[in-house]
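**Q** Please find one structure pasted underneath; my questions will follow.
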Amino acid sequence: MDEINKISTKSASEVVAALGKRFKEYRIASRLTQKEVSEKSGVSVLTIRRFELGYSFNITMGNFISLLKAIDFTDGIADIMPEIPVSPYAMAKLEQHKPKRVKHGKQS
């Protein structure tokens, strides 16, 4: 599905619709029915059905995360917005304050 990859050219509702279609593929690959996902996530079957059909209403961030957890896609949640890597400038500043050598007292 290329719809998600070109996110900068899409409206928010188009992105949600693409996510809904992709979610359906993952749900089916997980061999779960909409009802089973509903029971595991606490999201209504009607909301799941509409989300999978591409409708963007009633999908909150909380619902979306609950749905991802229901299909055991928790590792993918961190990929949605990964941590910002430390910039080379910040690393250089940290290195400046790092001790060059550690002295240990004499042991008796």
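Identifiers for the structure tokens are assigned positionally: chains receive A, B, ... in sequence, residues are indexed from 1 per chain, and ligands are indexed from 1 in the order shown.
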Write out as a PyMOL selection string each polymer residue whose atoms come within 9 Å of A:Glu52, counting only C-alpha atoms; drop sequence neighbours fewer than 2 positions from it.
**A** chain A and resi 17-24+47-50+54-55
**Q** I'd like the neighbourhood of stretch 25-36 of chain A as a list in words, where a residue qualifies if any of its atoms comes within 9 Å (using only C-alpha atoms), though same-chain residues fewer than 5 positions away should be ignored.
**A** Gly20, Ser41, Ser44, Val45, Leu46, Ile48, Arg49, Ala70, Ile71, Asp72 and Phe73 of chain A
**Q** Using only C-alpha atoms, which residues sit within 12 Å of A:Gly76 once same-chain residues fewer than 6 positions away are excluded, as a PyMOL selection string?
**A** chain A and resi 23+26+65+67-69+82
**Q** What is the distance between atom CA of A:Val43 and atom CA of A:Thr60, in Å to one decimal?
**A**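 Distance reported for this atom pair: 10.3 Å.
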**Q** Please, what distance in Å, to one decimal, runs between atom CA of A:Ser66 and atom CA of A:Val16?
**A**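 So the two atoms, atom CA of A:Ser66 and atom CA of A:Val16, lie 15.2 Å apart.
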**Q** With DSSP run on the backbone, what are the alpha helix (DSSP H) residues within stretch 25-84 of chain A? I'd like them as a PyMOL selection string.
**A** chain A and resi 25-29+34-41+45-53+61-70+74-80
**Q** Please dump the current selection as a PDB file, in the first residue's frame; keep C-alpha atoms.
**A**
```
ATOM      1  CA  GLU A  25      -4.580  -6.852   6.515  1.00  0.00           C
ATOM      2  CA  TYR A  26      -2.735  -7.278   9.817  1.00  0.00           C
ATOM      3  CA  ARG A  27      -5.898  -8.415  11.613  1.00  0.00           C
ATOM      4  CA  ILE A  28      -6.588 -11.051   8.978  1.00  0.00           C
ATOM      5  CA  ALA A  29      -2.939 -12.179   9.031  1.00  0.00           C
ATOM      6  CA  GLN A  34     -13.451  -8.120  14.114  1.00  0.00           C
ATOM      7  CA  LYS A  35     -15.408  -9.420  17.090  1.00  0.00           C
ATOM      8  CA  GLU A  36     -12.299 -10.974  18.662  1.00  0.00           C
ATOM      9  CA  VAL A  37     -10.353  -7.736  18.178  1.00  0.00           C
ATOM     10  CA  SER A  38     -13.272  -5.839  19.678  1.00  0.00           C
ATOM     11  CA  GLU A  39     -13.271  -8.038  22.767  1.00  0.00           C
ATOM     12  CA  LYS A  40      -9.495  -7.744  23.200  1.00  0.00           C
ATOM     13  CA  SER A  41      -9.328  -3.988  22.562  1.00  0.00           C
ATOM     14  CA  VAL A  45     -17.130  -3.859  16.213  1.00  0.00           C
ATOM     15  CA  LEU A  46     -18.881  -1.033  14.375  1.00  0.00           C
ATOM     16  CA  THR A  47     -15.899   1.296  14.893  1.00  0.00           C
ATOM     17  CA  ILE A  48     -13.489  -1.420  13.731  1.00  0.00           C
ATOM     18  CA  ARG A  49     -15.631  -2.143  10.666  1.00  0.00           C
ATOM     19  CA  ARG A  50     -15.791   1.535   9.741  1.00  0.00           C
ATOM     20  CA  PHE A  51     -12.061   2.001  10.330  1.00  0.00           C
ATOM     21  CA  GLU A  52     -11.252  -0.950   8.064  1.00  0.00           C
ATOM     22  CA  LEU A  53     -13.571   0.442   5.388  1.00  0.00           C
ATOM     23  CA  MET A  61      -5.324   7.691  19.205  1.00  0.00           C
ATOM     24  CA  GLY A  62      -6.406   5.604  22.201  1.00  0.00           C
ATOM     25  CA  ASN A  63      -8.598   3.382  20.010  1.00  0.00           C
ATOM     26  CA  PHE A  64      -5.802   2.970  17.484  1.00  0.00           C
ATOM     27  CA  ILE A  65      -3.270   1.937  20.139  1.00  0.00           C
ATOM     28  CA  SER A  66      -5.790  -0.485  21.677  1.00  0.00           C
ATOM     29  CA  LEU A  67      -6.354  -2.045  18.245  1.00  0.00           C
ATOM     30  CA  LEU A  68      -2.613  -2.433  17.664  1.00  0.00           C
ATOM     31  CA  LYS A  69      -2.237  -4.097  21.062  1.00  0.00           C
ATOM     32  CA  ALA A  70      -5.136  -6.447  20.270  1.00  0.00           C
ATOM     33  CA  THR A  74       3.095  -3.486  20.185  1.00  0.00           C
ATOM     34  CA  ASP A  75       6.628  -3.456  18.739  1.00  0.00           C
ATOM     35  CA  GLY A  76       5.351  -1.410  15.818  1.00  0.00           C
ATOM     36  CA  ILE A  77       3.936   1.287  18.087  1.00  0.00           C
ATOM     37  CA  ALA A  78       7.437   2.584  18.856  1.00  0.00           C
ATOM     38  CA  ASP A  79       8.141   2.786  15.110  1.00  0.00           C
ATOM     39  CA  ILE A  80       5.327   5.285  14.632  1.00  0.00           C
TER      40      ILE A  80
END
```
